[in-house]
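Asks: Please read through the structure below; I'll follow up with questions.
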Amino acid sequence: MPAERKPMRYGHTEGHTDVCFDHTGKHIVTCGSDGDVRIWESLDDDDPKSINVGEKAYSMALKDGRLVTAVSNNTVQIHTFPEGAPDGILTRFTTNANHVVFSESGTHVAAGSSDFMVKVIKVSDSSQQKTLRGHDAPVLSVAIDPKDVYLASSSCDGSVAVWKISEQTQVISWNVLQKSSDVSNAKSICRLTWQPSNGKLLAVPVDKAVQLYERDSWNNVFNLSDDFITQPVNVVSWSSCGKFLAAGSVGGFVTVWNVETKECLERAKHEKGYTVCGLVWHPNGSQIAYTDTEGCLGLLDGLSPGAAKTSTTAAAAAVGKEAKDYDDLFDGDDDGLLEEDPSETRSPPKHPLLDDEDEDDLMPSLSRPRKRGAILEDDNSMDVGSLKLGVGKDAEDDDSASMVQLAPESSALRPAYEGPLPTPRQKPFQTSSTPVHLMHRFLVWNSVGIVRCYNDEQDNAIDVEFHDTSVHHTMHLTNSLGHMLADLSQEAVLLACEGTDELASKLQCLHFSSWDTNKEWMVDMPKEEDVQALCLGQGWAAAATSALLVRIFSMGGVQREIFSLPGPVVCMSAHGEQLMIVYHRGTGFDGDQSLGVQLLQFGMRRRQILHGDPLPLSKKSHLAWLGFSAEGTPCYVDSEGVVYMLNRSLGNTWTPVCNTREHCKGKSDHYWVVGIHENPQQLRCIPCKGARFPATLPRPAIAILPFKLPYCQITTEKGQMEEQFWRSMLFHNHFDFLDASGYEFDEAGKSLVQKEQQELLMKMFALSCKLEREFRCVELAELMTQSVVTLAIRYASRSKRMALAQRLNELALEKAAEITAQQQEEEEQEDFRSRLNAGYSRTDSEWSQPRDRNQRRQQQPREEEEEEKEEEEEEDAAVEEETPECEMMEADEVPETKKQRLNPFGKGTSSPEKPAPKPVLMATKEGRVNPFKVAGAVKSPGFTAGQPRTANILDNMAKSSKKPSAPGGQAASKQKSPVLKPLLPKPKSKTQATLFQMGPKTASKKTEEKPSKEEKESRVQSENPVHAAAENTENRKPKTGFQLWLEENRKGILADHPDLDEAEIIKEGMGRFRALSAKDRLSLTEKAKGGAVEDCAEVKKRKRFEGEDGEVPVNETAEGEANLSKKKKPLDTSSKLSAFAFSKD
């Protein structure tokens, strides 16, 4: 009985499956754990009809146009066949029904359940039921006698029972099975069956054999077994003639016996070795269909029971399997030998043959494992298919006998190719869509809405539903053209259909946001060019075709750019002005896909960001989802559930950010991604139980999964903080992208994120200090901002880690120098832009007038500048009211200054325009020497007294709350240099001894000494240069609004630009003053004119108070801390450092 084993093909999701033929044998019907029943016209049917019967389908039976299924809602349902229309519920159980069968007459259905009961239901009247009770465990399988007298059942309690249906009594029982607690734990599902027509024999699979019991006497007449079977038999099936019995086992073995002669006629092995859980004969006996626990469907073809019966002899049955197969090589029937080999002569000879363990599950059609023992039992021997490797179609006409004679001499033959095999290319798909073969499917599901397609006998339509009904109401479209692709945006719906022999492929757009009354347009593709992928951007649409072209259209239907792709398209997605295309860049091997990705940026600056770079995927996976996050970051998901995100800050590399399989409860469960959000961090997806995609009805619910980067030692505190920090860095790169692209973004959110990141760094720094990892501490400090490094120095000093504090101090100075250099570069760029824009005039109010004013200012003498600035202020206020565009342009410059001055841990800065207090503290302390600083480092040209941000951080901490001094008072400090002499450092040994030997009381005594009177006077003069300068102008005339603003913000300007002279300070102040709104400037002007006398008096009073007392009361909250530091001024470097290191607060 030579047979040809067809390659397995995917039918259902992973889990238990069942199979049967219809009464004509034209259709193969399967069911699986995905809840679908599929009707296949043949094994090569690429579009089987699908009927959804529930969440999971455990078993089914087909008879006389009725399809009975046992589903997961504890019911046995009935549907019409092949229409699939529901026809009621036959019966219910308290748990799942595990097996259902029809009687041979088709009048009754038997069902066994996990609640230990067996029911026999009349099909025409489901109320007529008979219940059989007696098993002590879940029922595995049932079978009705062809004469409708007896019923046989197997159970997890280890028994096989025969019941008399009419009396509902148990006739006999055999304890032949291994006991188990549930069906899922049973070693075998024990699918027993009666011999057709007369029911003379009952076949029961027991361990590695099939036991046959005689009717009425219930004796075990004989057993059928074979050395080929190495694992328990799972299911048995009789041929329609009742002469042959087929069995499928746990190890994937399929065996056929002649029951009369008890000889094994056919042996075949599953190409992957998966468990065979469904097996059925074709009505004419020429085929056997079987399914496995992975949801795949297979077929044994070419069975001829009649011919096999006449060709076998008793002598062959007495000889062992190896001798039988070897002797058959010389029986003269060469054609039969070639057919007996599992590799059919019609299979493509160019593909090599591999062993079972080397095959690729994605390549079932390229290779078939040879049948063990078909010619020789040696695994290293070659089969007939290997002999024909590389031979064309004419090989079928060659003399097969000569080829057979060479088979035993494998060593003399050229070895078969055993290298990697090419992977079939993934077909193009539309992201967030379900398979095309479904009658009810999602065309797209994204952040805008849902597009569903209904294609059945009653209706062929498309429904468009919007999440936000304010965008547009729900639309119902007639799908007369058979659209199979769709995309949805805030502006339009884009549809496409395939071409036919009569009609070309069409691209249809419904521009529902158009102000025009004609909102629809359609484009026909050229002949033999089909649309394979499409997407919608902001104001444009794109379509990728089978001609390896990408066509760009405007939203109104204007054809725009066309460009070619290096390979066939796989998927395409768009977001705003970005277009991402994934295509085949080559042929993959060993189940891997070879995909490339292009990322294009449209808009004013058109550029290509990714130039066909390889797309990383998990091993032996394919692309499952492609799109952008809500913030515009490219992302994709592979079939293994791994989510990848583009890291723009690391050279546009791809980083895995989540693995959805970690959240699945079962192996067959999956998550169907519909959207990704970076802020907040959310992966929006639909859980699919036992399936890869959801059904349209009922509407599936959205689940939100967290992100987690695959860092090492994620269970430790260190690993968790590292993962959290770098995930935050990755997921908030979009702020920089949006800023660079000119989009609006949440500045408060960005500052909050930066604060959280710095807090994480500080926590990791503290953890490393506890673990005595000082080098690691410095590495973490390199990621911190300057202000947070100051906190790290303080923490290290209080932890008595002076070497670490010295390293961090050097790092802080380097960061300060970098900030200064960056600010200088920005100033130079701003000056360069202003010079370029000086000759360009957009409007008289925006550009020409400021340019003329700048020219006049340079020509006028210095003493007239104050009057001119007052006039400019009034002119700008009038211009701002007339031209609001100027406000918008100048307001864009304000966030830049805010971002430069951002201090995540700052508590005292209420306005971002004011400088941070710490960098300016020691602007006048140029003579102080840092005891931790190497002598040569102080001579760096970047660290001068005029640059307040380069001050020694340790000095700042010693006098942390002192009032900031403006660089304008440097002249006063220089004149009184004998008073503020630099404190020379003592030798190292004495310094260390002072730090660790001096008690807290001694340090506190020294810090409590008050500064001298000369030092107080010099400090007061250095702290109030603005008041001294303002006093002269107040004596001459009232202040202007600009002068009042400049007095308040002069410190901020000097903090950012310490090397500016007076004229440049005024120029910089004018630029910032014009950035204010017209309302603020007018209020400042009125305040200056109305309150000039009061302001002058307050200034003088304040100066008098400070000059007389020299200090502010200590008990005030805001100023007390500053004056406390004044009182605690140390006498030398050692006492200052030790007082800081051992301070209690």
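Residue numbering restarts at 1 in every chain; chains get A, B, ... in the order shown in the structure tokens, and ligands count up from 1 in that same order.
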As a compact mmCIF listing (two decimals) with N, CA, C and O atoms, in the first residue's frame, which residues of segment 370-613 of chain A does DSSP assign to strand (DSSP E)?
Replies:
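Once everything was written out, this is result02.txt:
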```
# COMPACT_ATOMS: atom_id res chain seq x y z
N HIS A 440 -15.54 38.12 7.95
CA HIS A 440 -15.65 39.33 8.74
C HIS A 440 -14.26 39.63 9.29
O HIS A 440 -13.70 38.84 10.06
N ARG A 441 -13.71 40.75 8.92
CA ARG A 441 -12.32 41.03 9.27
C ARG A 441 -12.13 42.51 9.50
O ARG A 441 -12.96 43.35 9.11
N PHE A 442 -11.02 42.82 10.17
CA PHE A 442 -10.60 44.21 10.36
C PHE A 442 -9.69 44.59 9.19
O PHE A 442 -8.66 43.94 8.95
N LEU A 443 -10.06 45.66 8.50
CA LEU A 443 -9.16 46.20 7.49
C LEU A 443 -8.06 47.04 8.14
O LEU A 443 -6.92 47.05 7.65
N VAL A 444 -8.39 47.73 9.20
CA VAL A 444 -7.38 48.47 9.96
C VAL A 444 -7.99 48.84 11.31
O VAL A 444 -9.19 49.06 11.44
N TRP A 445 -7.13 48.87 12.32
CA TRP A 445 -7.49 49.34 13.65
C TRP A 445 -6.33 50.19 14.13
O TRP A 445 -5.23 49.69 14.38
N GLY A 449 -9.53 55.15 14.44
CA GLY A 449 -10.77 54.40 14.41
C GLY A 449 -10.57 52.99 13.92
O GLY A 449 -9.45 52.47 13.89
N ILE A 450 -11.69 52.38 13.52
CA ILE A 450 -11.71 50.98 13.09
C ILE A 450 -12.42 50.89 11.75
O ILE A 450 -13.47 51.50 11.56
N VAL A 451 -11.84 50.11 10.83
CA VAL A 451 -12.47 49.84 9.54
C VAL A 451 -12.71 48.34 9.47
O VAL A 451 -11.76 47.55 9.52
N ARG A 452 -14.00 47.94 9.37
CA ARG A 452 -14.37 46.53 9.31
C ARG A 452 -14.90 46.22 7.91
O ARG A 452 -15.49 47.08 7.25
N CYS A 453 -14.70 44.98 7.51
CA CYS A 453 -15.20 44.52 6.22
C CYS A 453 -16.07 43.29 6.44
O CYS A 453 -15.66 42.36 7.16
N TYR A 454 -17.25 43.28 5.84
CA TYR A 454 -18.17 42.15 5.92
C TYR A 454 -18.39 41.64 4.50
O TYR A 454 -18.88 42.36 3.63
N ASN A 455 -18.02 40.40 4.29
CA ASN A 455 -18.12 39.83 2.95
C ASN A 455 -18.76 38.45 3.06
O ASN A 455 -18.08 37.44 3.25
N ASN A 460 -21.93 42.81 1.53
CA ASN A 460 -20.53 43.04 1.20
C ASN A 460 -20.29 44.53 1.41
O ASN A 460 -20.49 45.34 0.49
N ALA A 461 -19.88 44.90 2.60
CA ALA A 461 -19.83 46.32 2.96
C ALA A 461 -18.63 46.57 3.86
O ALA A 461 -17.97 45.65 4.36
N ILE A 462 -18.35 47.86 4.04
CA ILE A 462 -17.25 48.33 4.89
C ILE A 462 -17.82 49.34 5.87
O ILE A 462 -18.51 50.29 5.47
N ASP A 463 -17.54 49.15 7.15
CA ASP A 463 -17.96 50.08 8.19
C ASP A 463 -16.73 50.82 8.72
O ASP A 463 -15.71 50.19 9.03
N VAL A 464 -16.84 52.14 8.82
CA VAL A 464 -15.77 52.98 9.34
C VAL A 464 -16.26 53.61 10.63
O VAL A 464 -17.22 54.38 10.63
N GLU A 465 -15.62 53.26 11.73
CA GLU A 465 -16.01 53.76 13.04
C GLU A 465 -14.87 54.57 13.63
O GLU A 465 -13.71 54.14 13.61
N PHE A 466 -15.17 55.76 14.16
CA PHE A 466 -14.17 56.65 14.72
C PHE A 466 -14.22 56.58 16.24
O PHE A 466 -15.31 56.57 16.83
N MET A 475 -19.39 55.66 9.23
CA MET A 475 -19.75 55.55 7.81
C MET A 475 -19.98 54.09 7.45
O MET A 475 -19.26 53.20 7.92
N HIS A 476 -20.95 53.87 6.58
CA HIS A 476 -21.23 52.54 6.04
C HIS A 476 -21.08 52.63 4.53
O HIS A 476 -21.82 53.36 3.85
N LEU A 477 -20.11 51.89 3.98
CA LEU A 477 -19.79 51.96 2.57
C LEU A 477 -20.08 50.63 1.91
O LEU A 477 -19.81 49.56 2.47
N THR A 478 -20.61 50.69 0.71
CA THR A 478 -20.84 49.47 -0.08
C THR A 478 -19.54 49.07 -0.75
O THR A 478 -18.92 49.86 -1.47
N LEU A 485 -7.73 46.46 1.17
CA LEU A 485 -6.76 47.22 1.93
C LEU A 485 -7.40 48.54 2.35
O LEU A 485 -8.20 49.11 1.58
N ALA A 486 -7.04 49.03 3.52
CA ALA A 486 -7.60 50.30 3.98
C ALA A 486 -6.66 50.93 5.00
O ALA A 486 -5.88 50.24 5.67
N ASP A 487 -6.74 52.26 5.08
CA ASP A 487 -6.07 53.02 6.12
C ASP A 487 -6.96 54.20 6.48
O ASP A 487 -7.77 54.65 5.68
N LEU A 488 -6.80 54.67 7.71
CA LEU A 488 -7.69 55.70 8.25
C LEU A 488 -6.86 56.75 8.98
O LEU A 488 -5.93 56.41 9.73
N VAL A 493 -10.23 58.43 4.46
CA VAL A 493 -10.21 56.97 4.43
C VAL A 493 -9.65 56.57 3.07
O VAL A 493 -10.13 57.04 2.03
N LEU A 494 -8.63 55.70 3.08
CA LEU A 494 -7.99 55.26 1.85
C LEU A 494 -8.25 53.78 1.66
O LEU A 494 -8.01 52.98 2.58
N LEU A 495 -8.75 53.39 0.49
CA LEU A 495 -9.11 52.01 0.18
C LEU A 495 -8.43 51.58 -1.10
O LEU A 495 -8.13 52.42 -1.97
N ALA A 496 -8.21 50.28 -1.24
CA ALA A 496 -7.60 49.75 -2.46
C ALA A 496 -8.10 48.33 -2.68
O ALA A 496 -8.40 47.60 -1.74
N CYS A 497 -8.19 47.96 -3.95
CA CYS A 497 -8.62 46.61 -4.34
C CYS A 497 -7.64 46.05 -5.36
O CYS A 497 -6.91 46.79 -6.02
N LYS A 506 -7.53 49.52 -8.14
CA LYS A 506 -7.99 50.88 -7.91
C LYS A 506 -7.60 51.35 -6.52
O LYS A 506 -7.56 50.57 -5.57
N LEU A 507 -7.33 52.65 -6.45
CA LEU A 507 -7.06 53.32 -5.19
C LEU A 507 -8.14 54.38 -4.99
O LEU A 507 -8.29 55.29 -5.82
N GLN A 508 -8.90 54.26 -3.92
CA GLN A 508 -10.03 55.14 -3.67
C GLN A 508 -9.82 55.87 -2.35
O GLN A 508 -9.42 55.28 -1.36
N CYS A 509 -10.10 57.18 -2.38
CA CYS A 509 -9.92 58.01 -1.19
C CYS A 509 -11.20 58.78 -0.91
O CYS A 509 -11.78 59.39 -1.81
N LEU A 510 -11.64 58.74 0.36
CA LEU A 510 -12.78 59.53 0.81
C LEU A 510 -12.24 60.61 1.75
O LEU A 510 -11.97 60.36 2.93
N GLU A 520 -14.57 62.71 -2.80
CA GLU A 520 -14.09 61.37 -3.16
C GLU A 520 -13.34 61.42 -4.47
O GLU A 520 -13.73 62.13 -5.41
N TRP A 521 -12.26 60.67 -4.55
CA TRP A 521 -11.53 60.52 -5.81
C TRP A 521 -10.98 59.10 -5.92
O TRP A 521 -10.82 58.41 -4.92
N MET A 522 -10.72 58.68 -7.15
CA MET A 522 -10.30 57.31 -7.43
C MET A 522 -9.26 57.33 -8.54
O MET A 522 -9.36 58.13 -9.48
N VAL A 523 -8.27 56.45 -8.42
CA VAL A 523 -7.19 56.35 -9.40
C VAL A 523 -7.05 54.89 -9.81
O VAL A 523 -7.02 54.00 -8.94
N ASP A 524 -6.97 54.64 -11.11
CA ASP A 524 -6.72 53.30 -11.64
C ASP A 524 -5.22 53.09 -11.81
O ASP A 524 -4.52 53.93 -12.38
N VAL A 531 -2.06 47.35 -6.15
CA VAL A 531 -1.70 47.99 -4.89
C VAL A 531 -1.54 46.90 -3.82
O VAL A 531 -2.46 46.12 -3.58
N GLN A 532 -0.39 46.86 -3.18
CA GLN A 532 -0.11 45.85 -2.17
C GLN A 532 -0.02 46.41 -0.76
O GLN A 532 -0.15 45.67 0.22
N ALA A 533 0.20 47.71 -0.63
CA ALA A 533 0.25 48.36 0.69
C ALA A 533 -0.06 49.84 0.49
O ALA A 533 0.24 50.41 -0.55
N LEU A 534 -0.66 50.43 1.50
CA LEU A 534 -1.01 51.85 1.43
C LEU A 534 -0.98 52.46 2.82
O LEU A 534 -0.98 51.75 3.83
N CYS A 535 -0.94 53.79 2.88
CA CYS A 535 -0.94 54.50 4.15
C CYS A 535 -1.32 55.95 3.91
O CYS A 535 -1.27 56.45 2.77
N LEU A 536 -1.69 56.61 4.98
CA LEU A 536 -2.10 58.01 4.95
C LEU A 536 -1.20 58.82 5.88
O LEU A 536 -0.98 58.43 7.02
N TRP A 540 -1.14 63.83 2.65
CA TRP A 540 -0.71 63.03 1.51
C TRP A 540 -1.04 61.56 1.76
O TRP A 540 -1.34 61.15 2.88
N ALA A 541 -1.01 60.80 0.68
CA ALA A 541 -1.27 59.36 0.71
C ALA A 541 -0.20 58.66 -0.11
O ALA A 541 0.35 59.23 -1.05
N ALA A 542 0.10 57.42 0.25
CA ALA A 542 1.13 56.64 -0.45
C ALA A 542 0.60 55.24 -0.71
O ALA A 542 -0.15 54.69 0.10
N ALA A 543 0.99 54.69 -1.84
CA ALA A 543 0.59 53.33 -2.22
C ALA A 543 1.80 52.63 -2.82
O ALA A 543 2.47 53.17 -3.71
N ALA A 544 2.10 51.42 -2.33
CA ALA A 544 3.17 50.59 -2.87
C ALA A 544 2.54 49.51 -3.74
O ALA A 544 1.56 48.88 -3.35
N THR A 545 3.08 49.31 -4.93
CA THR A 545 2.46 48.42 -5.91
C THR A 545 3.36 47.22 -6.19
O THR A 545 4.52 47.16 -5.76
N LEU A 549 7.02 49.97 -7.04
CA LEU A 549 6.93 51.43 -7.06
C LEU A 549 6.16 51.91 -5.84
O LEU A 549 5.26 51.22 -5.35
N VAL A 550 6.51 53.10 -5.37
CA VAL A 550 5.76 53.80 -4.35
C VAL A 550 5.24 55.08 -4.97
O VAL A 550 6.02 55.91 -5.46
N ARG A 551 3.93 55.23 -4.96
CA ARG A 551 3.28 56.38 -5.58
C ARG A 551 2.74 57.28 -4.47
O ARG A 551 2.02 56.82 -3.59
N ILE A 552 3.07 58.56 -4.55
CA ILE A 552 2.63 59.54 -3.58
C ILE A 552 1.53 60.39 -4.21
O ILE A 552 1.66 60.85 -5.36
N PHE A 553 0.45 60.59 -3.47
CA PHE A 553 -0.67 61.41 -3.91
C PHE A 553 -0.94 62.48 -2.86
O PHE A 553 -0.73 62.25 -1.65
N SER A 554 -1.40 63.63 -3.32
CA SER A 554 -1.88 64.63 -2.38
C SER A 554 -3.25 64.21 -1.87
O SER A 554 -3.90 63.32 -2.42
N GLN A 559 -1.30 63.58 -8.29
CA GLN A 559 -0.18 62.64 -8.30
C GLN A 559 1.11 63.41 -8.05
O GLN A 559 1.40 64.39 -8.73
N ARG A 560 1.89 62.93 -7.12
CA ARG A 560 3.15 63.59 -6.77
C ARG A 560 4.32 62.68 -7.10
O ARG A 560 4.38 62.11 -8.16
N GLU A 561 5.24 62.51 -6.20
CA GLU A 561 6.47 61.79 -6.51
C GLU A 561 6.22 60.30 -6.70
O GLU A 561 5.28 59.72 -6.14
N ILE A 562 7.09 59.69 -7.47
CA ILE A 562 7.13 58.24 -7.66
C ILE A 562 8.57 57.81 -7.49
O ILE A 562 9.48 58.42 -8.05
N PHE A 563 8.81 56.76 -6.71
CA PHE A 563 10.16 56.22 -6.57
C PHE A 563 10.08 54.71 -6.45
O PHE A 563 9.04 54.14 -6.11
N SER A 564 11.18 54.07 -6.76
CA SER A 564 11.24 52.61 -6.81
C SER A 564 11.74 52.04 -5.49
O SER A 564 12.48 52.71 -4.74
N VAL A 569 7.43 44.96 -1.60
CA VAL A 569 7.01 45.58 -0.36
C VAL A 569 6.39 44.54 0.58
O VAL A 569 5.77 43.57 0.13
N VAL A 570 6.58 44.74 1.88
CA VAL A 570 5.96 43.90 2.90
C VAL A 570 4.90 44.68 3.66
O VAL A 570 3.78 44.20 3.84
N CYS A 571 5.23 45.89 4.06
CA CYS A 571 4.28 46.71 4.79
C CYS A 571 4.72 48.16 4.71
O CYS A 571 5.88 48.47 4.40
N MET A 572 3.78 49.06 4.98
CA MET A 572 4.06 50.48 4.89
C MET A 572 3.20 51.20 5.92
O MET A 572 2.06 50.82 6.17
N SER A 573 3.77 52.27 6.51
CA SER A 573 3.06 53.03 7.53
C SER A 573 3.50 54.48 7.46
O SER A 573 4.60 54.79 7.00
N ALA A 574 2.64 55.37 7.95
CA ALA A 574 2.92 56.81 7.91
C ALA A 574 2.44 57.45 9.19
O ALA A 574 1.54 56.96 9.87
N HIS A 575 3.07 58.59 9.52
CA HIS A 575 2.67 59.38 10.68
C HIS A 575 3.13 60.81 10.43
O HIS A 575 4.33 61.08 10.34
N GLN A 578 6.18 61.60 8.15
CA GLN A 578 7.10 60.47 8.07
C GLN A 578 6.46 59.31 7.31
O GLN A 578 5.26 59.04 7.46
N LEU A 579 7.26 58.64 6.51
CA LEU A 579 6.83 57.46 5.75
C LEU A 579 7.85 56.36 5.98
O LEU A 579 9.05 56.54 5.75
N MET A 580 7.39 55.20 6.45
CA MET A 580 8.25 54.05 6.71
C MET A 580 7.80 52.89 5.84
O MET A 580 6.61 52.55 5.80
N ILE A 581 8.75 52.29 5.14
CA ILE A 581 8.47 51.20 4.20
C ILE A 581 9.38 50.03 4.54
O ILE A 581 10.59 50.21 4.71
N VAL A 582 8.81 48.85 4.65
CA VAL A 582 9.57 47.62 4.85
C VAL A 582 9.39 46.75 3.61
O VAL A 582 8.28 46.57 3.12
N TYR A 583 10.48 46.22 3.11
CA TYR A 583 10.46 45.44 1.87
C TYR A 583 11.48 44.30 1.98
O TYR A 583 12.29 44.26 2.91
N HIS A 584 11.42 43.39 1.02
CA HIS A 584 12.38 42.28 0.97
C HIS A 584 13.66 42.77 0.32
O HIS A 584 13.67 43.17 -0.83
N LEU A 595 14.67 41.47 5.54
CA LEU A 595 13.86 42.67 5.29
C LEU A 595 14.72 43.92 5.44
O LEU A 595 15.66 43.96 6.23
N GLY A 596 14.37 44.93 4.67
CA GLY A 596 14.99 46.24 4.76
C GLY A 596 13.94 47.29 5.06
O GLY A 596 12.75 47.10 4.78
N VAL A 597 14.39 48.41 5.62
CA VAL A 597 13.46 49.46 6.01
C VAL A 597 13.98 50.80 5.52
O VAL A 597 15.19 51.08 5.59
N GLN A 598 13.08 51.60 4.99
CA GLN A 598 13.37 52.97 4.61
C GLN A 598 12.47 53.90 5.41
O GLN A 598 11.28 53.63 5.56
N LEU A 599 13.03 54.99 5.89
CA LEU A 599 12.28 56.01 6.62
C LEU A 599 12.53 57.35 5.95
O LEU A 599 13.68 57.80 5.88
N LEU A 600 11.47 57.96 5.45
CA LEU A 600 11.56 59.22 4.74
C LEU A 600 10.85 60.31 5.52
O LEU A 600 9.80 60.05 6.14
N GLN A 601 11.41 61.51 5.46
CA GLN A 601 10.82 62.67 6.11
C GLN A 601 10.36 63.64 5.02
O GLN A 601 11.17 64.13 4.23
N ARG A 607 14.08 64.51 3.41
CA ARG A 607 15.31 63.74 3.55
C ARG A 607 14.96 62.30 3.87
O ARG A 607 13.84 61.99 4.28
N GLN A 608 15.95 61.43 3.67
CA GLN A 608 15.79 60.02 3.96
C GLN A 608 16.62 59.70 5.19
O GLN A 608 17.84 59.89 5.21
N ILE A 609 15.96 59.22 6.23
CA ILE A 609 16.62 58.96 7.51
C ILE A 609 17.23 57.55 7.53
O ILE A 609 18.37 57.37 7.92
N LEU A 610 16.45 56.55 7.13
CA LEU A 610 16.95 55.17 7.04
C LEU A 610 17.02 54.80 5.57
O LEU A 610 16.03 54.92 4.84
N HIS A 611 18.18 54.33 5.14
CA HIS A 611 18.42 54.08 3.73
C HIS A 611 18.44 52.58 3.43
O HIS A 611 19.45 52.02 3.01
N GLY A 612 17.34 51.92 3.70
CA GLY A 612 17.28 50.49 3.40
C GLY A 612 18.07 49.64 4.36
O GLY A 612 18.58 48.58 3.98
N ASP A 613 18.18 50.07 5.62
CA ASP A 613 18.92 49.30 6.61
C ASP A 613 18.20 47.98 6.91
O ASP A 613 16.97 47.90 6.82
```
Asks: Can you list, as JSON, numbers by chain, every residue of segment 404-649 of chain A that DSSP puts in helix (DSSP H, G or I)?
Replies: {"A": [404, 405, 406, 410, 411, 412, 648, 649]}
Asks: What would the file look like if the residues just selected were written as a CSV table (one decimal), in the first residue's frame with N, CA and C atoms?
Replies:
```
chain,number,residue,atom,x,y,z
A,404,VAL,N,17.6,2.2,-8.4
A,404,VAL,CA,17.3,1.4,-7.3
A,404,VAL,C,18.5,0.6,-6.9
A,405,GLN,N,19.3,0.1,-7.9
A,405,GLN,CA,20.4,-0.7,-7.6
A,405,GLN,C,21.5,0.1,-6.9
A,406,LEU,N,21.5,1.4,-7.1
A,406,LEU,CA,22.5,2.2,-6.5
A,406,LEU,C,22.2,2.6,-5.1
A,410,SER,N,25.4,3.9,-0.7
A,410,SER,CA,25.3,5.3,-0.4
A,410,SER,C,26.7,6.0,-0.4
A,411,SER,N,27.7,5.3,-0.1
A,411,SER,CA,29.0,5.9,0.0
A,411,SER,C,29.5,6.3,-1.3
A,412,ALA,N,29.1,5.7,-2.4
A,412,ALA,CA,29.6,6.0,-3.7
A,412,ALA,C,28.9,7.2,-4.4
A,648,ARG,N,16.6,57.2,18.3
A,648,ARG,CA,17.2,58.3,17.5
A,648,ARG,C,18.5,58.8,18.1
A,649,SER,N,18.6,58.7,19.4
A,649,SER,CA,19.9,59.2,20.0
A,649,SER,C,21.0,58.3,19.9
```
Asks: Might you pull out every residue within 9 Å of Ala805 of chain A, with only C-alpha atoms counted and same-chain residues fewer than 2 positions away left off, and present them as a VMD selection string?
Replies: chain A and resid 792 to 797 800 to 803 807 to 810 932 954
Asks: Taking only C-alpha atoms into account, which of A:Phe725, A:Trp194, A:Phe775, A:Trp257 comes nearest Val149 of chain A?
Replies: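 For Val149 of chain A, the nearest of the candidates is A:Trp194.
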Asks: May I have the residues within 9 Å of Gln490 of chain A as an NGL selection string, using only C-alpha atoms and disregarding those fewer than 5 positions away in the same chain?
Replies: :A and (448 or 471-472 or 512-513 or 538)
Asks: Could you write those residues out with N, CA and C atoms, as a CSV table (one decimal), in the first residue's frame?
Replies:
```csv
chain,number,residue,atom,x,y,z
A,448,VAL,N,-7.1,56.3,15.3
A,448,VAL,CA,-8.2,57.1,14.8
A,448,VAL,C,-9.5,56.4,14.9
A,471,VAL,N,-14.6,63.8,15.2
A,471,VAL,CA,-13.8,63.8,13.9
A,471,VAL,C,-14.8,63.6,12.8
A,472,HIS,N,-15.6,62.5,12.9
A,472,HIS,CA,-16.6,62.2,11.8
A,472,HIS,C,-17.5,61.2,12.4
A,512,PHE,N,-13.0,63.1,3.8
A,512,PHE,CA,-14.2,63.6,4.5
A,512,PHE,C,-13.9,64.9,5.2
A,513,SER,N,-12.6,65.3,5.4
A,513,SER,CA,-12.3,66.6,6.1
A,513,SER,C,-12.2,67.7,5.1
A,538,GLN,N,0.0,63.2,6.7
A,538,GLN,CA,-0.6,64.5,7.0
A,538,GLN,C,-0.6,65.3,5.7
```
Asks: Using atom CA of Leu697 of chain A and atom CA of Met484 of chain A as the two end points, give the distance in Å to one decimal.
Replies: 19.0 Å
Asks: For a quick check of understanding, using only C-alpha atoms, which of A:Val139, A:Val204, A:Val118, A:Met439 has the smallest distance to Lys179 of chain A?
Replies: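 Looking at the shortest contact to Lys179 of chain A, the residue is A:Val139.
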